[in-house]
Amino acid sequence: MTKRLTWEQTRVVRHDAGHALIKAVPGSGKTTTLVKRVERLIKTGVEPGSILILMYNKSATVSFSDKLKLALKSDAIPEVRTFHSLALKIVALAERQQLTPKKMLITPGNYRYDELVKQAYRVGCSYDSGYIEQSDITDFETFVSRCRASAVTPADAAADPTFSKIKPEFIRAYGCYCELLEANGLRTFEDSMIEAVSLLRIYPGLVARFKHIIVDEYQDVNLVQHEMIRLLTKPDTSVMVVGDLNQCIYEWRGAQPDFMDGLFEQQFPNTTVFQLSCTFRFGHELSLIANSVIRRNSSKLTRLCVSHPSTPKTEVKLHLDNCLSEVLSAIATENGSQAILSRSNARLTEVELVLRLCGRTYRYLNGSSSLYSRSEIGLLVVGVLLCVYGDLRLIENHPCKREMLYGFLREAGIRWQKGQVKEALDALMTQVDVFSVLGRLFENSPHQRERLERLASVRNKDDDSVLASNVLQHLSLAGFIEGVGSDSVRRTASNDRLRGVDRIEELLISNPIDARTFLNLILHPQDISADSEPITLATIHGSKGLEWDHVILIGLNDCEFPGGKPDSGTQLPALTSESISNEELEVERRLFYVGITRAKHQLHLVAPLDESLTWWLKKRWDSTPKKVPVATRFIYEAGLTACSLTSQSIYAGLLEQQTTEFSKFHQWYLKDLQRLRV
């Protein structure tokens, strides 16, 4: 970013009286603007201790604090906290004054927390298996977070009709979860937020007065966090919030876009609205595409996202029906950071196998691989082992053996009776003969024995030099794969798992490797010496707030994106493109917007071959298709061809000669670009 502030940024820095709502596009330099704002406040005599700055996560607070110290040339800076950190401070003050009982904080990752969640899940869901898949726990935790973000009690959830589609087992488990916390004198971060808000209502003088409160990423705040800000505000307090409605993608976790879209101005009178509409992250082509997509949402665009003249060009490339390995080869010689982003973790499983095939180094954004937690992977690994070797010897000492066995048992299409999954899983952990274990278990069940005989027909059918794609075909013909997503244990994104199997089959057809190589890719990947920065793998949700030089966006077919809700704690299957509501579609469109705006120099869009899209691009159209397309509708809406041509004209300085050739929307962009240059 340039050292000189734009006139939009300068207006924010010099804001004097009243509250302020800042609508900032991706890469608009809001951090620099806020630092300059704080610097000006202190230079005009405001005490650092009377300023509170709330950031969304710990890394953001550390980064912002460092920048403040550098700008102020002092360690005496205002208080910079996360919402959770502030809540814990308020609760600790109340504990010392004996206004609230003392409790122990437990956090995700703490063994007591993990055990408590699993115990609540087992009780609520009447679940007796010794192993619970992590995705099931994640779904339950997401539901709990959603309830806590709105201060919803188990009784509220049971009575509220808006929770009618939630599994009743989850609501029972939530009730048990709350009871266990109370009985053991424990609190979580979410509990501390609710408790802090309650304390501020009863004891408004519990914390010191703040003359200025600044809140970053305001589009992500939930009801409890918004209420905390309101209760901290005194008559003479100036509140400044910064966010982007178009990047509100955490509604399933309690975020409420209405706070950015009118509610803040209603609840905080005398609010001045500012725009930071100039991005320093990417060039005109990507700005045009991002605007073209997001303008389809119902929230009115008053300002477009416009690239600063100093921003370098950003290349946008569409890859139709290309396997990922070809796209990776295309950017192999490029310098800079690289990321592969997906709407779901299922797609990243395929990516991980491709990267292992290509010998490329990678890392997950959250630090852990999702490969072995995918139940379809467990099914395929066990299936290939049985087809090639006849038993489980090859995974006897594998650290993720239990996860893979559980995936096999879950997806094998077997109708389990109570207690049988745990019994089978425990037996297979110590024995290598699958059919012997299951044969004893189903000795008195003719139907199950018939299915086992069908599965046993693949035993030792191939050797490890046979193509892995052929082995999977043999497994499919024997009915080995037909149980995927059939809810053998619990309903959890069955369509997602089926697509996972299809992707792996397609990958093996396009990359003819033998069964031995396929197993080694999964079970014993080779260590690769890294001469360059590893490729980052992340979901789009996880990528928010980050940026990379080169971004590859995958899984861009319309049956998946737009897709179902991230929270799978409902009785309904994942939403199809035909059934998705307008509100859900707008959330998905914002997710696509966030994904594409992570790129700085290159954006690669990997989509399936779609003849209609080819025609769309040829005609330079940018509208939503009336019929459900093959490639995601968001690429249709992007108007890639028109945006590319307009961008070329901007960089070539040919605007005056060609203005009449541009659409009204592109003319709007050019006017905003000219306005920002003034």
# chains A, B, ... in the order shown; residues from 1 in each chain; ligands from 1
>>> residues_around(residues="Cys643 (chain A)", least_positions_apart="5", cutoff="7 Å", atoms="only C-alpha atoms", output="PyMOL selection string")
chain A and resi 285+288-289
>>> write_last_selection(atoms="N, CA, C and O atoms", output="PDB file, in the first residue's frame")
ATOM      1  N   GLU A 285      -9.310  -6.256 -13.394  1.00  0.00           N
ATOM      2  CA  GLU A 285     -10.089  -7.386 -13.901  1.00  0.00           C
ATOM      3  C   GLU A 285     -10.789  -8.123 -12.767  1.00  0.00           C
ATOM      4  O   GLU A 285     -11.984  -8.429 -12.849  1.00  0.00           O
ATOM      5  N   LEU A 288     -13.589  -5.940 -11.213  1.00  0.00           N
ATOM      6  CA  LEU A 288     -14.789  -5.956 -12.052  1.00  0.00           C
ATOM      7  C   LEU A 288     -15.576  -7.247 -11.870  1.00  0.00           C
ATOM      8  O   LEU A 288     -16.805  -7.247 -11.772  1.00  0.00           O
ATOM      9  N   ILE A 289     -14.857  -8.373 -11.813  1.00  0.00           N
ATOM     10  CA  ILE A 289     -15.507  -9.672 -11.638  1.00  0.00           C
ATOM     11  C   ILE A 289     -16.197  -9.755 -10.281  1.00  0.00           C
ATOM     12  O   ILE A 289     -17.350 -10.196 -10.174  1.00  0.00           O
TER      13      ILE A 289
END
>>> select_by_dssp(residues="region 24-193 of chain A", states="strand (DSSP E)", output="JSON, numbers by chain")
{"A": [24, 51, 52, 53, 54, 55, 79, 80, 81, 82, 104, 105, 186, 187]}
>>> atom_distance(atom1="CA of Gly336 (chain A)", atom2="CA of Lys36 (chain A)")
29.1 Å
>>> closest_residue(among="A:Glu533, A:Asp549, A:Glu637, A:Asp244", to="Arg620 (chain A)", atoms="only C-alpha atoms")
A:Glu637
>>> residues_around(residues="region 22-26 of chain A", least_positions_apart="4", cutoff="9 Å", atoms="only C-alpha atoms", output="MDAnalysis selection string")
chainID A and resid 12 30 240:247 260 272:281 304:306 545 594 597:598
>>> write_last_selection(atoms="C-alpha atoms", output="short mmCIF file (atom, residue, chain, number, x, y, z; two decimals), in the first residue's frame")
data_model
loop_
_atom_site.label_atom_id
_atom_site.label_comp_id
_atom_site.auth_asym_id
_atom_site.auth_seq_id
_atom_site.Cartn_x
_atom_site.Cartn_y
_atom_site.Cartn_z
CA VAL A 12 -12.13 8.25 8.34
CA LYS A 30 -8.45 -0.61 6.75
CA MET A 240 -16.45 3.27 15.07
CA VAL A 241 -17.12 -0.10 13.40
CA VAL A 242 -15.47 -1.41 10.25
CA GLY A 243 -16.66 -4.25 8.06
CA ASP A 244 -17.93 -5.48 4.72
CA LEU A 245 -21.46 -6.82 4.37
CA ASN A 246 -20.36 -8.72 1.27
CA GLN A 247 -17.92 -10.73 3.38
CA MET A 260 -23.96 -3.70 8.90
CA THR A 272 -21.66 8.88 9.81
CA VAL A 273 -21.24 6.27 7.06
CA PHE A 274 -17.86 6.12 5.33
CA GLN A 275 -16.71 4.07 2.35
CA LEU A 276 -13.30 2.48 1.77
CA SER A 277 -13.97 1.38 -1.78
CA CYS A 278 -10.41 1.32 -3.12
CA THR A 279 -8.54 -2.00 -2.99
CA PHE A 280 -4.76 -2.29 -2.96
CA ARG A 281 -4.78 -6.12 -3.26
CA LEU A 304 -18.04 -0.54 -6.14
CA CYS A 305 -14.77 -2.17 -5.20
CA VAL A 306 -12.24 -0.29 -7.37
CA GLY A 545 -8.93 -12.16 6.07
CA VAL A 594 -14.58 -13.90 -0.43
CA THR A 597 -10.82 -11.76 -3.55
CA ARG A 598 -8.02 -13.62 -1.73
#
>>> residues_around(residues="region 92-95 of chain A", least_positions_apart="2", cutoff="10 Å", atoms="only C-alpha atoms", output="list of chain:residue names")
A:Leu86, A:Ala87, A:Leu88, A:Lys89, A:Ile90, A:Gln97, A:Gln98, A:Leu99, A:Thr100, A:Pro101, A:Lys102, A:Lys103, A:Ser192, A:Glu195, A:Ala196, A:Leu199, A:Leu200, A:Tyr203, A:Leu206, A:Val207
>>> write_last_selection(atoms="N, CA, C and O atoms", output="mmCIF file, in the first residue's frame")
data_model
loop_
_atom_site.group_PDB
_atom_site.id
_atom_site.type_symbol
_atom_site.label_atom_id
_atom_site.label_comp_id
_atom_site.auth_asym_id
_atom_site.auth_seq_id
_atom_site.Cartn_x
_atom_site.Cartn_y
_atom_site.Cartn_z
ATOM 1 N N LEU A 86 -11.910 -9.634 26.285
ATOM 2 C CA LEU A 86 -12.582 -8.591 27.067
ATOM 3 C C LEU A 86 -13.622 -9.213 28.002
ATOM 4 O O LEU A 86 -13.749 -8.817 29.162
ATOM 5 N N ALA A 87 -14.358 -10.201 27.488
ATOM 6 C CA ALA A 87 -15.370 -10.863 28.316
ATOM 7 C C ALA A 87 -14.729 -11.527 29.530
ATOM 8 O O ALA A 87 -15.239 -11.427 30.653
ATOM 9 N N LEU A 88 -13.597 -12.200 29.326
ATOM 10 C CA LEU A 88 -12.896 -12.858 30.440
ATOM 11 C C LEU A 88 -12.408 -11.828 31.461
ATOM 12 O O LEU A 88 -12.425 -12.088 32.673
ATOM 13 N N LYS A 89 -11.984 -10.658 30.980
ATOM 14 C CA LYS A 89 -11.544 -9.603 31.898
ATOM 15 C C LYS A 89 -12.718 -9.134 32.763
ATOM 16 O O LYS A 89 -12.575 -8.957 33.979
ATOM 17 N N ILE A 90 -13.881 -8.952 32.136
ATOM 18 C CA ILE A 90 -15.067 -8.499 32.871
ATOM 19 C C ILE A 90 -15.489 -9.546 33.897
ATOM 20 O O ILE A 90 -15.795 -9.223 35.054
ATOM 21 N N GLN A 97 -14.816 -9.323 42.888
ATOM 22 C CA GLN A 97 -15.768 -8.575 43.718
ATOM 23 C C GLN A 97 -16.916 -9.459 44.209
ATOM 24 O O GLN A 97 -17.884 -8.960 44.778
ATOM 25 N N GLN A 98 -16.779 -10.757 43.964
ATOM 26 C CA GLN A 98 -17.768 -11.754 44.401
ATOM 27 C C GLN A 98 -19.170 -11.448 43.864
ATOM 28 O O GLN A 98 -20.183 -11.672 44.521
ATOM 29 N N LEU A 99 -19.196 -10.971 42.632
ATOM 30 C CA LEU A 99 -20.468 -10.703 41.969
ATOM 31 C C LEU A 99 -20.940 -11.895 41.151
ATOM 32 O O LEU A 99 -22.102 -11.942 40.717
ATOM 33 N N THR A 100 -20.033 -12.839 40.912
ATOM 34 C CA THR A 100 -20.353 -14.048 40.153
ATOM 35 C C THR A 100 -19.481 -15.180 40.671
ATOM 36 O O THR A 100 -18.354 -14.935 41.139
ATOM 37 N N PRO A 101 -19.967 -16.431 40.653
ATOM 38 C CA PRO A 101 -19.165 -17.540 41.173
ATOM 39 C C PRO A 101 -17.948 -17.823 40.298
ATOM 40 O O PRO A 101 -17.976 -17.619 39.084
ATOM 41 N N LYS A 102 -16.883 -18.290 40.913
ATOM 42 C CA LYS A 102 -15.669 -18.637 40.181
ATOM 43 C C LYS A 102 -15.869 -19.953 39.431
ATOM 44 O O LYS A 102 -16.433 -20.899 39.954
ATOM 45 N N LYS A 103 -15.405 -19.957 38.201
ATOM 46 C CA LYS A 103 -15.456 -21.164 37.382
ATOM 47 C C LYS A 103 -14.148 -21.305 36.633
ATOM 48 O O LYS A 103 -13.408 -20.337 36.455
ATOM 49 N N SER A 192 -18.446 -17.155 28.730
ATOM 50 C CA SER A 192 -17.899 -15.916 29.308
ATOM 51 C C SER A 192 -18.513 -14.693 28.636
ATOM 52 O O SER A 192 -18.740 -13.665 29.284
ATOM 53 N N GLU A 195 -22.044 -14.333 30.056
ATOM 54 C CA GLU A 195 -21.939 -13.914 31.450
ATOM 55 C C GLU A 195 -21.515 -12.446 31.555
ATOM 56 O O GLU A 195 -22.038 -11.695 32.388
ATOM 57 N N ALA A 196 -20.573 -12.030 30.711
ATOM 58 C CA ALA A 196 -20.095 -10.643 30.739
ATOM 59 C C ALA A 196 -21.216 -9.671 30.387
ATOM 60 O O ALA A 196 -21.373 -8.612 31.015
ATOM 61 N N LEU A 199 -23.537 -9.365 33.304
ATOM 62 C CA LEU A 199 -22.928 -8.554 34.365
ATOM 63 C C LEU A 199 -22.973 -7.070 34.034
ATOM 64 O O LEU A 199 -23.233 -6.227 34.908
ATOM 65 N N LEU A 200 -22.725 -6.722 32.765
ATOM 66 C CA LEU A 200 -22.754 -5.313 32.358
ATOM 67 C C LEU A 200 -24.156 -4.726 32.480
ATOM 68 O O LEU A 200 -24.318 -3.534 32.765
ATOM 69 N N TYR A 203 -24.437 -4.465 36.453
ATOM 70 C CA TYR A 203 -23.428 -3.585 37.068
ATOM 71 C C TYR A 203 -22.766 -2.738 35.974
ATOM 72 O O TYR A 203 -21.648 -3.030 35.534
ATOM 73 N N LEU A 206 -19.017 -1.661 36.158
ATOM 74 C CA LEU A 206 -18.013 -2.691 36.437
ATOM 75 C C LEU A 206 -16.688 -2.419 35.733
ATOM 76 O O LEU A 206 -15.616 -2.714 36.262
ATOM 77 N N VAL A 207 -16.730 -1.867 34.530
ATOM 78 C CA VAL A 207 -15.498 -1.565 33.790
ATOM 79 C C VAL A 207 -15.384 -0.057 33.589
ATOM 80 O O VAL A 207 -16.374 0.681 33.659
#
>>> residues_around(residues="Gly359 (chain A)", least_positions_apart="3", cutoff="9 Å", atoms="only C-alpha atoms", output="short mmCIF file (atom, residue, chain, number, x, y, z; two decimals) with N, CA and C atoms, in the first residue's frame")
data_model
loop_
_atom_site.label_atom_id
_atom_site.label_comp_id
_atom_site.auth_asym_id
_atom_site.auth_seq_id
_atom_site.Cartn_x
_atom_site.Cartn_y
_atom_site.Cartn_z
N VAL A 354 -3.76 -35.38 -5.18
CA VAL A 354 -3.14 -34.82 -6.39
C VAL A 354 -1.77 -34.25 -6.08
N LEU A 355 -1.65 -33.52 -4.98
CA LEU A 355 -0.38 -32.92 -4.61
C LEU A 355 0.66 -33.99 -4.29
N ARG A 356 0.22 -35.08 -3.67
CA ARG A 356 1.15 -36.19 -3.41
C ARG A 356 1.59 -36.84 -4.72
N GLN A 526 5.65 -39.99 0.66
CA GLN A 526 7.08 -39.71 0.78
C GLN A 526 7.31 -38.29 1.27
N ILE A 528 8.91 -34.86 1.04
CA ILE A 528 9.40 -34.11 -0.12
C ILE A 528 10.19 -32.92 0.38
#
>>> decode(residues="region 15-164 of chain A", atoms="C-alpha atoms", output="PDB file, in the first residue's frame")
ATOM      1  CA  HIS A  15     -13.746  11.884  11.801  1.00  0.00           C
ATOM      2  CA  ASP A  16     -14.624  13.979  14.856  1.00  0.00           C
ATOM      3  CA  ALA A  17     -18.050  13.733  16.459  1.00  0.00           C
ATOM      4  CA  GLY A  18     -20.526  10.870  16.776  1.00  0.00           C
ATOM      5  CA  HIS A  19     -20.431   7.251  15.743  1.00  0.00           C
ATOM      6  CA  ALA A  20     -19.042   5.913  12.460  1.00  0.00           C
ATOM      7  CA  LEU A  21     -19.817   2.951  10.208  1.00  0.00           C
ATOM      8  CA  ILE A  22     -17.052   2.164   7.718  1.00  0.00           C
ATOM      9  CA  LYS A  23     -17.872  -0.082   4.769  1.00  0.00           C
ATOM     10  CA  ALA A  24     -14.536  -1.447   3.559  1.00  0.00           C
ATOM     11  CA  VAL A  25     -13.915  -3.615   0.486  1.00  0.00           C
ATOM     12  CA  PRO A  26     -11.320  -6.441   0.538  1.00  0.00           C
ATOM     13  CA  GLY A  27      -7.729  -5.151   0.645  1.00  0.00           C
ATOM     14  CA  SER A  28      -8.773  -1.547   1.266  1.00  0.00           C
ATOM     15  CA  GLY A  29      -6.042  -0.799   3.824  1.00  0.00           C
ATOM     16  CA  LYS A  30      -8.450  -0.613   6.753  1.00  0.00           C
ATOM     17  CA  THR A  31      -5.761  -1.654   9.250  1.00  0.00           C
ATOM     18  CA  THR A  32      -3.513   1.217   8.172  1.00  0.00           C
ATOM     19  CA  THR A  33      -6.494   3.578   8.292  1.00  0.00           C
ATOM     20  CA  LEU A  34      -7.421   2.523  11.831  1.00  0.00           C
ATOM     21  CA  VAL A  35      -3.824   2.858  13.024  1.00  0.00           C
ATOM     22  CA  LYS A  36      -3.712   6.384  11.611  1.00  0.00           C
ATOM     23  CA  ARG A  37      -7.065   7.080  13.255  1.00  0.00           C
ATOM     24  CA  VAL A  38      -5.776   6.040  16.700  1.00  0.00           C
ATOM     25  CA  GLU A  39      -2.550   7.951  16.138  1.00  0.00           C
ATOM     26  CA  ARG A  40      -4.516  11.138  15.393  1.00  0.00           C
ATOM     27  CA  LEU A  41      -6.774  10.687  18.446  1.00  0.00           C
ATOM     28  CA  ILE A  42      -3.783  10.425  20.768  1.00  0.00           C
ATOM     29  CA  LYS A  43      -2.036  13.396  19.140  1.00  0.00           C
ATOM     30  CA  THR A  44      -5.142  15.500  19.766  1.00  0.00           C
ATOM     31  CA  GLY A  45      -5.014  14.706  23.498  1.00  0.00           C
ATOM     32  CA  VAL A  46      -7.142  11.568  23.905  1.00  0.00           C
ATOM     33  CA  GLU A  47      -5.716   9.314  26.631  1.00  0.00           C
ATOM     34  CA  PRO A  48      -4.655   5.864  25.296  1.00  0.00           C
ATOM     35  CA  GLY A  49      -6.450   4.220  28.240  1.00  0.00           C
ATOM     36  CA  SER A  50      -9.778   5.668  27.113  1.00  0.00           C
ATOM     37  CA  ILE A  51      -9.601   3.901  23.737  1.00  0.00           C
ATOM     38  CA  LEU A  52     -10.757   0.287  23.292  1.00  0.00           C
ATOM     39  CA  ILE A  53     -10.034  -1.624  20.078  1.00  0.00           C
ATOM     40  CA  LEU A  54     -11.812  -4.934  19.474  1.00  0.00           C
ATOM     41  CA  MET A  55     -10.440  -7.346  16.870  1.00  0.00           C
ATOM     42  CA  TYR A  56     -11.863 -10.657  15.707  1.00  0.00           C
ATOM     43  CA  ASN A  57      -9.026 -13.027  16.656  1.00  0.00           C
ATOM     44  CA  LYS A  58      -5.797 -13.129  18.635  1.00  0.00           C
ATOM     45  CA  SER A  59      -3.445 -12.906  15.646  1.00  0.00           C
ATOM     46  CA  ALA A  60      -5.210  -9.729  14.515  1.00  0.00           C
ATOM     47  CA  THR A  61      -4.776  -8.154  17.967  1.00  0.00           C
ATOM     48  CA  VAL A  62      -1.046  -8.971  17.995  1.00  0.00           C
ATOM     49  CA  SER A  63      -0.525  -7.567  14.504  1.00  0.00           C
ATOM     50  CA  PHE A  64      -2.526  -4.406  15.232  1.00  0.00           C
ATOM     51  CA  SER A  65      -0.742  -3.822  18.559  1.00  0.00           C
ATOM     52  CA  ASP A  66       2.654  -4.105  16.866  1.00  0.00           C
ATOM     53  CA  LYS A  67       1.640  -1.579  14.225  1.00  0.00           C
ATOM     54  CA  LEU A  68       0.336   0.793  16.885  1.00  0.00           C
ATOM     55  CA  LYS A  69       3.592   0.624  18.862  1.00  0.00           C
ATOM     56  CA  LEU A  70       5.525   1.390  15.690  1.00  0.00           C
ATOM     57  CA  ALA A  71       3.257   4.303  14.744  1.00  0.00           C
ATOM     58  CA  LEU A  72       3.164   5.791  18.253  1.00  0.00           C
ATOM     59  CA  LYS A  73       6.836   5.006  18.929  1.00  0.00           C
ATOM     60  CA  SER A  74       5.769   3.806  22.368  1.00  0.00           C
ATOM     61  CA  ASP A  75       4.632   0.698  24.239  1.00  0.00           C
ATOM     62  CA  ALA A  76       1.902   2.777  25.911  1.00  0.00           C
ATOM     63  CA  ILE A  77      -0.867   1.972  23.465  1.00  0.00           C
ATOM     64  CA  PRO A  78      -4.668   1.674  23.798  1.00  0.00           C
ATOM     65  CA  GLU A  79      -6.265  -1.584  24.891  1.00  0.00           C
ATOM     66  CA  VAL A  80      -6.455  -4.018  21.963  1.00  0.00           C
ATOM     67  CA  ARG A  81      -8.510  -7.128  22.674  1.00  0.00           C
ATOM     68  CA  THR A  82     -10.673  -9.839  21.195  1.00  0.00           C
ATOM     69  CA  PHE A  83     -14.281 -10.023  22.342  1.00  0.00           C
ATOM     70  CA  HIS A  84     -13.508 -13.181  24.308  1.00  0.00           C
ATOM     71  CA  SER A  85     -10.500 -11.589  26.000  1.00  0.00           C
ATOM     72  CA  LEU A  86     -12.582  -8.591  27.067  1.00  0.00           C
ATOM     73  CA  ALA A  87     -15.370 -10.863  28.316  1.00  0.00           C
ATOM     74  CA  LEU A  88     -12.896 -12.858  30.440  1.00  0.00           C
ATOM     75  CA  LYS A  89     -11.544  -9.603  31.898  1.00  0.00           C
ATOM     76  CA  ILE A  90     -15.067  -8.499  32.871  1.00  0.00           C
ATOM     77  CA  VAL A  91     -15.867 -11.890  34.415  1.00  0.00           C
ATOM     78  CA  ALA A  92     -12.557 -11.886  36.355  1.00  0.00           C
ATOM     79  CA  LEU A  93     -13.371  -8.420  37.775  1.00  0.00           C
ATOM     80  CA  ALA A  94     -16.783  -9.688  38.867  1.00  0.00           C
ATOM     81  CA  GLU A  95     -15.254 -12.790  40.451  1.00  0.00           C
ATOM     82  CA  ARG A  96     -12.852 -10.673  42.505  1.00  0.00           C
ATOM     83  CA  GLN A  97     -15.768  -8.575  43.718  1.00  0.00           C
ATOM     84  CA  GLN A  98     -17.768 -11.754  44.401  1.00  0.00           C
ATOM     85  CA  LEU A  99     -20.468 -10.703  41.969  1.00  0.00           C
ATOM     86  CA  THR A 100     -20.353 -14.048  40.153  1.00  0.00           C
ATOM     87  CA  PRO A 101     -19.165 -17.540  41.173  1.00  0.00           C
ATOM     88  CA  LYS A 102     -15.669 -18.637  40.181  1.00  0.00           C
ATOM     89  CA  LYS A 103     -15.456 -21.164  37.382  1.00  0.00           C
ATOM     90  CA  MET A 104     -12.650 -22.777  35.403  1.00  0.00           C
ATOM     91  CA  LEU A 105     -12.221 -21.845  31.731  1.00  0.00           C
ATOM     92  CA  ILE A 106     -11.971 -24.791  29.329  1.00  0.00           C
ATOM     93  CA  THR A 107     -11.118 -24.316  25.674  1.00  0.00           C
ATOM     94  CA  PRO A 108     -11.424 -26.483  22.541  1.00  0.00           C
ATOM     95  CA  GLY A 109      -8.453 -28.847  22.493  1.00  0.00           C
ATOM     96  CA  ASN A 110      -8.446 -29.186  26.277  1.00  0.00           C
ATOM     97  CA  TYR A 111      -9.016 -32.840  27.162  1.00  0.00           C
ATOM     98  CA  ARG A 112     -11.764 -31.961  29.667  1.00  0.00           C
ATOM     99  CA  TYR A 113     -13.607 -29.989  27.014  1.00  0.00           C
ATOM    100  CA  ASP A 114     -13.280 -32.793  24.453  1.00  0.00           C
ATOM    101  CA  GLU A 115     -14.537 -35.400  26.917  1.00  0.00           C
ATOM    102  CA  LEU A 116     -17.436 -33.185  28.003  1.00  0.00           C
ATOM    103  CA  VAL A 117     -18.551 -32.617  24.394  1.00  0.00           C
ATOM    104  CA  LYS A 118     -18.318 -36.329  23.578  1.00  0.00           C
ATOM    105  CA  GLN A 119     -20.220 -37.272  26.730  1.00  0.00           C
ATOM    106  CA  ALA A 120     -23.003 -34.795  25.908  1.00  0.00           C
ATOM    107  CA  TYR A 121     -23.102 -36.063  22.313  1.00  0.00           C
ATOM    108  CA  ARG A 122     -23.362 -39.697  23.388  1.00  0.00           C
ATOM    109  CA  VAL A 123     -26.152 -38.972  25.863  1.00  0.00           C
ATOM    110  CA  GLY A 124     -28.169 -36.757  23.532  1.00  0.00           C
ATOM    111  CA  CYS A 125     -27.774 -38.976  20.475  1.00  0.00           C
ATOM    112  CA  SER A 126     -27.965 -42.324  22.342  1.00  0.00           C
ATOM    113  CA  TYR A 127     -24.659 -43.154  20.675  1.00  0.00           C
ATOM    114  CA  ASP A 128     -22.810 -46.215  21.914  1.00  0.00           C
ATOM    115  CA  SER A 129     -19.900 -46.555  19.470  1.00  0.00           C
ATOM    116  CA  GLY A 130     -16.435 -46.325  21.005  1.00  0.00           C
ATOM    117  CA  TYR A 131     -15.303 -44.051  18.164  1.00  0.00           C
ATOM    118  CA  ILE A 132     -17.085 -40.845  17.144  1.00  0.00           C
ATOM    119  CA  GLU A 133     -16.126 -39.343  13.813  1.00  0.00           C
ATOM    120  CA  GLN A 134     -14.714 -35.833  14.181  1.00  0.00           C
ATOM    121  CA  SER A 135     -17.129 -34.392  11.625  1.00  0.00           C
ATOM    122  CA  ASP A 136     -20.056 -35.451  13.838  1.00  0.00           C
ATOM    123  CA  ILE A 137     -18.508 -33.691  16.831  1.00  0.00           C
ATOM    124  CA  THR A 138     -17.819 -30.624  14.683  1.00  0.00           C
ATOM    125  CA  ASP A 139     -21.459 -30.495  13.583  1.00  0.00           C
ATOM    126  CA  PHE A 140     -22.594 -30.631  17.204  1.00  0.00           C
ATOM    127  CA  GLU A 141     -20.083 -27.967  18.289  1.00  0.00           C
ATOM    128  CA  THR A 142     -21.286 -25.719  15.452  1.00  0.00           C
ATOM    129  CA  PHE A 143     -24.853 -26.065  16.695  1.00  0.00           C
ATOM    130  CA  VAL A 144     -23.768 -25.256  20.275  1.00  0.00           C
ATOM    131  CA  SER A 145     -21.857 -22.171  19.060  1.00  0.00           C
ATOM    132  CA  ARG A 146     -24.888 -21.024  17.112  1.00  0.00           C
ATOM    133  CA  CYS A 147     -27.044 -21.268  20.242  1.00  0.00           C
ATOM    134  CA  ARG A 148     -24.499 -19.557  22.509  1.00  0.00           C
ATOM    135  CA  ALA A 149     -23.952 -16.746  19.975  1.00  0.00           C
ATOM    136  CA  SER A 150     -27.604 -15.801  20.388  1.00  0.00           C
ATOM    137  CA  ALA A 151     -27.806 -16.672  24.114  1.00  0.00           C
ATOM    138  CA  VAL A 152     -30.304 -19.451  23.314  1.00  0.00           C
ATOM    139  CA  THR A 153     -30.824 -21.936  26.162  1.00  0.00           C
ATOM    140  CA  PRO A 154     -31.691 -25.634  25.602  1.00  0.00           C
ATOM    141  CA  ALA A 155     -35.289 -24.833  26.629  1.00  0.00           C
ATOM    142  CA  ASP A 156     -35.394 -21.963  24.098  1.00  0.00           C
ATOM    143  CA  ALA A 157     -34.086 -24.232  21.336  1.00  0.00           C
ATOM    144  CA  ALA A 158     -36.673 -26.917  22.137  1.00  0.00           C
ATOM    145  CA  ALA A 159     -39.548 -24.423  22.061  1.00  0.00           C
ATOM    146  CA  ASP A 160     -38.457 -22.092  19.241  1.00  0.00           C
ATOM    147  CA  PRO A 161     -40.025 -23.015  15.848  1.00  0.00           C
ATOM    148  CA  THR A 162     -36.926 -21.695  14.048  1.00  0.00           C
ATOM    149  CA  PHE A 163     -35.101 -24.730  15.451  1.00  0.00           C
ATOM    150  CA  SER A 164     -37.715 -27.194  14.160  1.00  0.00           C
TER     151      SER A 164
END
